[in-house]
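Okay, protein24.pdb now, which holds PDB, C-alpha atoms, pLDDT in the B column:
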```pdb
ATOM      1  CA  MET A   1      -6.884  38.194  37.037  1.00 48.00           C
ATOM      2  CA  ALA A   2      -6.594  38.799  40.786  1.00 55.00           C
ATOM      3  CA  ASP A   3      -2.845  39.324  40.390  1.00 60.00           C
ATOM      4  CA  LEU A   4      -3.466  41.916  37.676  1.00 55.00           C
ATOM      5  CA  GLU A   5      -6.031  43.695  39.842  1.00 62.00           C
ATOM      6  CA  LYS A   6      -3.623  43.815  42.794  1.00 61.00           C
ATOM      7  CA  ALA A   7      -0.697  44.967  40.660  1.00 61.00           C
ATOM      8  CA  SER A   8      -2.840  47.605  38.949  1.00 67.00           C
ATOM      9  CA  GLY A   9      -4.213  48.856  42.253  1.00 67.00           C
ATOM     10  CA  ASP A  10      -0.748  48.987  43.773  1.00 85.00           C
ATOM     11  CA  LEU A  11       0.593  50.917  40.795  1.00 89.00           C
ATOM     12  CA  LEU A  12      -2.276  53.398  40.869  1.00 89.00           C
ATOM     13  CA  GLU A  13      -1.764  53.911  44.611  1.00 89.00           C
ATOM     14  CA  ARG A  14       1.965  54.530  44.102  1.00 91.00           C
ATOM     15  CA  LEU A  15       1.305  56.913  41.218  1.00 93.00           C
ATOM     16  CA  THR A  16      -1.277  58.787  43.280  1.00 93.00           C
ATOM     17  CA  GLU A  17       1.221  59.169  46.139  1.00 93.00           C
ATOM     18  CA  VAL A  18       3.962  60.398  43.804  1.00 95.00           C
ATOM     19  CA  LEU A  19       1.657  62.848  42.035  1.00 96.00           C
ATOM     20  CA  GLU A  20       0.391  64.213  45.351  1.00 95.00           C
ATOM     21  CA  ALA A  21       3.945  64.728  46.603  1.00 95.00           C
ATOM     22  CA  ARG A  22       5.049  66.374  43.375  1.00 95.00           C
ATOM     23  CA  LYS A  23       2.215  68.907  43.494  1.00 92.00           C
ATOM     24  CA  GLN A  24       4.164  70.544  46.326  1.00 90.00           C
ATOM     25  CA  ALA A  25       7.525  70.469  44.530  1.00 95.00           C
ATOM     26  CA  SER A  26       9.161  73.350  42.726  1.00 95.00           C
ATOM     27  CA  PRO A  27       7.765  73.918  39.214  1.00 96.00           C
ATOM     28  CA  GLU A  28      11.374  74.072  38.017  1.00 96.00           C
ATOM     29  CA  GLN A  29      12.011  70.591  39.432  1.00 96.00           C
ATOM     30  CA  SER A  30       8.770  68.726  38.652  1.00 97.00           C
ATOM     31  CA  TYR A  31       6.599  68.479  35.562  1.00 97.00           C
ATOM     32  CA  VAL A  32       3.553  67.758  37.741  1.00 97.00           C
ATOM     33  CA  ALA A  33       4.264  70.805  39.907  1.00 97.00           C
ATOM     34  CA  LYS A  34       4.697  72.885  36.745  1.00 97.00           C
ATOM     35  CA  LEU A  35       1.264  71.805  35.470  1.00 97.00           C
ATOM     36  CA  HIS A  36      -0.365  72.568  38.825  1.00 97.00           C
ATOM     37  CA  HIS A  37       1.432  75.916  38.999  1.00 97.00           C
ATOM     38  CA  LYS A  38       0.106  76.842  35.547  1.00 97.00           C
ATOM     39  CA  GLY A  39      -3.414  75.879  36.622  1.00 97.00           C
ATOM     40  CA  GLN A  40      -6.296  73.752  35.502  1.00 98.00           C
ATOM     41  CA  ASP A  41      -6.318  75.085  31.940  1.00 98.00           C
ATOM     42  CA  ALA A  42      -2.774  73.789  31.398  1.00 98.00           C
ATOM     43  CA  ILE A  43      -3.778  70.352  32.642  1.00 98.00           C
ATOM     44  CA  LEU A  44      -6.894  70.349  30.461  1.00 98.00           C
ATOM     45  CA  LYS A  45      -4.843  71.392  27.436  1.00 98.00           C
ATOM     46  CA  LYS A  46      -2.520  68.419  27.975  1.00 98.00           C
ATOM     47  CA  ILE A  47      -5.501  66.064  28.255  1.00 98.00           C
ATOM     48  CA  GLY A  48      -6.842  67.427  24.980  1.00 98.00           C
ATOM     49  CA  GLU A  49      -3.464  66.985  23.277  1.00 98.00           C
ATOM     50  CA  GLU A  50      -3.025  63.454  24.591  1.00 98.00           C
ATOM     51  CA  SER A  51      -6.581  62.517  23.570  1.00 98.00           C
ATOM     52  CA  CYS A  52      -5.911  63.667  20.005  1.00 98.00           C
ATOM     53  CA  GLU A  53      -2.588  61.825  19.913  1.00 98.00           C
ATOM     54  CA  LEU A  54      -4.323  58.639  21.070  1.00 98.00           C
ATOM     55  CA  VAL A  55      -6.956  59.000  18.356  1.00 98.00           C
ATOM     56  CA  MET A  56      -4.248  59.466  15.718  1.00 98.00           C
ATOM     57  CA  ALA A  57      -2.248  56.476  16.978  1.00 98.00           C
ATOM     58  CA  SER A  58      -5.358  54.342  16.727  1.00 98.00           C
ATOM     59  CA  LYS A  59      -6.188  55.635  13.244  1.00 98.00           C
ATOM     60  CA  ASP A  60      -2.592  54.793  12.246  1.00 98.00           C
ATOM     61  CA  GLN A  61      -3.122  51.223  13.501  1.00 97.00           C
ATOM     62  CA  ASN A  62       0.004  51.540  15.653  1.00 96.00           C
ATOM     63  CA  PRO A  63      -0.450  49.365  18.777  1.00 97.00           C
ATOM     64  CA  ALA A  64       2.777  50.530  20.445  1.00 98.00           C
ATOM     65  CA  LYS A  65       1.762  54.173  20.049  1.00 98.00           C
ATOM     66  CA  VAL A  66      -1.778  53.386  21.230  1.00 98.00           C
ATOM     67  CA  ILE A  67      -0.275  52.021  24.446  1.00 98.00           C
ATOM     68  CA  ALA A  68       2.114  54.957  24.859  1.00 98.00           C
ATOM     69  CA  GLU A  69      -0.550  57.579  24.182  1.00 98.00           C
ATOM     70  CA  THR A  70      -3.036  55.841  26.466  1.00 98.00           C
ATOM     71  CA  ALA A  71      -0.405  55.926  29.215  1.00 97.00           C
ATOM     72  CA  ASP A  72       0.090  59.659  28.585  1.00 98.00           C
ATOM     73  CA  LEU A  73      -3.668  60.282  28.695  1.00 98.00           C
ATOM     74  CA  TRP A  74      -4.093  58.266  31.890  1.00 97.00           C
ATOM     75  CA  PHE A  75      -1.147  60.078  33.495  1.00 97.00           C
ATOM     76  CA  HIS A  76      -2.579  63.503  32.731  1.00 98.00           C
ATOM     77  CA  SER A  77      -6.025  62.340  33.858  1.00 98.00           C
ATOM     78  CA  LEU A  78      -4.464  61.371  37.199  1.00 97.00           C
ATOM     79  CA  VAL A  79      -2.921  64.847  37.398  1.00 98.00           C
ATOM     80  CA  LEU A  80      -6.378  66.351  36.799  1.00 98.00           C
ATOM     81  CA  LEU A  81      -7.906  64.133  39.468  1.00 97.00           C
ATOM     82  CA  GLY A  82      -5.271  65.428  41.876  1.00 96.00           C
ATOM     83  CA  TRP A  83      -6.161  69.007  40.921  1.00 97.00           C
ATOM     84  CA  HIS A  84      -9.681  68.272  42.130  1.00 97.00           C
ATOM     85  CA  GLY A  85      -8.509  66.467  45.270  1.00 95.00           C
ATOM     86  CA  LEU A  86      -9.611  63.134  43.815  1.00 96.00           C
ATOM     87  CA  THR A  87      -7.699  59.916  43.219  1.00 93.00           C
ATOM     88  CA  ALA A  88      -7.677  56.896  40.956  1.00 92.00           C
ATOM     89  CA  ALA A  89      -9.424  55.043  43.791  1.00 91.00           C
ATOM     90  CA  ASP A  90     -12.427  57.330  43.301  1.00 94.00           C
ATOM     91  CA  VAL A  91     -12.605  56.392  39.622  1.00 93.00           C
ATOM     92  CA  LEU A  92     -12.108  52.705  40.386  1.00 90.00           C
ATOM     93  CA  ALA A  93     -14.962  52.848  42.899  1.00 91.00           C
ATOM     94  CA  GLU A  94     -17.215  54.339  40.216  1.00 91.00           C
ATOM     95  CA  LEU A  95     -16.193  51.670  37.700  1.00 89.00           C
ATOM     96  CA  ASP A  96     -16.804  48.991  40.323  1.00 90.00           C
ATOM     97  CA  ARG A  97     -20.252  50.456  40.973  1.00 88.00           C
ATOM     98  CA  ARG A  98     -21.032  50.138  37.276  1.00 87.00           C
ATOM     99  CA  MET A  99     -19.824  46.521  36.972  1.00 87.00           C
ATOM    100  CA  GLY A 100     -22.609  44.229  35.921  1.00 85.00           C
ATOM    101  CA  LEU A 101     -24.766  47.096  34.678  1.00 78.00           C
ATOM    102  CA  SER A 102     -25.626  47.369  31.040  1.00 75.00           C
ATOM    103  CA  GLY A 103     -23.951  50.445  29.628  1.00 71.00           C
ATOM    104  CA  LEU A 104     -27.276  51.504  28.190  1.00 76.00           C
ATOM    105  CA  VAL A 105     -29.008  51.141  31.562  1.00 70.00           C
ATOM    106  CA  GLU A 106     -26.198  52.953  33.390  1.00 66.00           C
ATOM    107  CA  LYS A 107     -26.302  55.855  30.940  1.00 72.00           C
ATOM    108  CA  ALA A 108     -30.112  56.089  31.155  1.00 77.00           C
ATOM    109  CA  ASN A 109     -29.889  56.271  34.962  1.00 75.00           C
ATOM    110  CA  ARG A 110     -27.416  59.187  35.018  1.00 74.00           C
ATOM    111  CA  PRO A 111     -28.768  62.447  36.413  1.00 81.00           C
ATOM    112  CA  GLN A 112     -29.624  64.928  33.697  1.00 73.00           C
TER     113      GLN A 112
END
```
Full structure transcribed into structure tokens:
Amino acid sequence: MADLEKASGDLLERLTEVLEARKQASPEQSYVAKLHHKGQDAILKKIGEESCELVMASKDQNPAKVIAETADLWFHSLVLLGWHGLTAADVLAELDRRMGLSGLVEKANRPQ
């Protein structure tokens, strides 16, 4: 499990670095730059599309598509994090904070 955690963390760090660099690229040269150039609504639209595609892949009982659509959703979520000046590390820190908490307790303790 420790190897998976390290590999996952390394991959998320590399992806974060690439996405940050591509924000500054030409929109004609980079998909990420194109999304940022179009603005937050374009990024949110992609997240909505990818969410729906993931739901459909799951309903179709297609494990390969579930993986592919989850990857697309995660990718676009990372783009959105970058839009807000946040990183995957911020999300991982929040998940780590929640480890060991009952989901019901965690939800009840959220600010209203």
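Nearest residue to Ala21 in chain A, choosing from A:Leu101, A:Val79, A:Leu92, A:Leu44 and counting all atoms listed in the file: A:Val79.
Residue nearest Gln24 in chain A within the list A:Ile43, A:Gly100, A:Glu69, A:Gly82: A:Gly82 [criterion: smallest interatomic distance, all atoms listed in the file].
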Find the axis-aligned box for range 59-66 of chain A, covering all its listed atoms and adding 8 Å on each side, and write its centre and edge lengths in Å to one decimal as lines of an AutoDock Vina configuration file.
```
center_x = -1.7
center_y = 52.5
center_z = 16.7
size_x = 25.0
size_y = 22.3
size_z = 25.0
```
Name all residues at most 10 Å from Leu78 in chain A (count all atoms listed in the file; drop same-chain ones fewer than 5 positions away) and give them as a PDB file with C-alpha atoms, in the coordinates of the input.
```
ATOM      1  CA  LEU A  12      -2.276  53.398  40.869  1.00 89.00           C
ATOM      2  CA  LEU A  15       1.305  56.913  41.218  1.00 93.00           C
ATOM      3  CA  THR A  16      -1.277  58.787  43.280  1.00 93.00           C
ATOM      4  CA  LEU A  19       1.657  62.848  42.035  1.00 96.00           C
ATOM      5  CA  GLU A  20       0.391  64.213  45.351  1.00 95.00           C
ATOM      6  CA  ASP A  72       0.090  59.659  28.585  1.00 98.00           C
ATOM      7  CA  LEU A  73      -3.668  60.282  28.695  1.00 98.00           C
ATOM      8  CA  TRP A  83      -6.161  69.007  40.921  1.00 97.00           C
ATOM      9  CA  HIS A  84      -9.681  68.272  42.130  1.00 97.00           C
ATOM     10  CA  LEU A  86      -9.611  63.134  43.815  1.00 96.00           C
ATOM     11  CA  THR A  87      -7.699  59.916  43.219  1.00 93.00           C
ATOM     12  CA  ALA A  88      -7.677  56.896  40.956  1.00 92.00           C
ATOM     13  CA  VAL A  91     -12.605  56.392  39.622  1.00 93.00           C
TER      14      VAL A  91
END
```
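Rounded to one decimal, CA of Leu35 in chain A and CA of Leu80 in chain A lie 9.5 Å from each other.
With all atoms listed in the file as the atoms that count, the residue of A:Val32, A:Ala93, A:Leu11, A:Leu104 with the shortest distance to Lys46 in chain A is A:Val32.
Once Ala25 in chain A and its same-chain neighbours fewer than 6 positions away are set aside, Leu19, Tyr31, Val32, Ala33, Lys34, His36 and His37 of chain A remain within 10 Å of it when counting all atoms listed in the file.
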Take the residues from that selection and put them in a file with C-alpha atoms, as a PDB file, in the coordinates of the input.
```pdb
ATOM      1  CA  LEU A  19       1.657  62.848  42.035  1.00 96.00           C
ATOM      2  CA  TYR A  31       6.599  68.479  35.562  1.00 97.00           C
ATOM      3  CA  VAL A  32       3.553  67.758  37.741  1.00 97.00           C
ATOM      4  CA  ALA A  33       4.264  70.805  39.907  1.00 97.00           C
ATOM      5  CA  LYS A  34       4.697  72.885  36.745  1.00 97.00           C
ATOM      6  CA  HIS A  36      -0.365  72.568  38.825  1.00 97.00           C
ATOM      7  CA  HIS A  37       1.432  75.916  38.999  1.00 97.00           C
TER       8      HIS A  37
END
```
Q: Please measure the separation of CA of Ile47 in chain A and CA of Phe75 in chain A, giving the value in Å to one decimal.
A: 9.1 Å
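Of the listed residues A:Arg98, A:Lys23, A:His76, A:Arg110, the one whose atoms come nearest to Gly48 in chain A is A:His76, with distances taken using all atoms listed in the file.
A straight line drawn from CA of Lys45 in chain A to CA of Val66 in chain A is 19.3 Å long.
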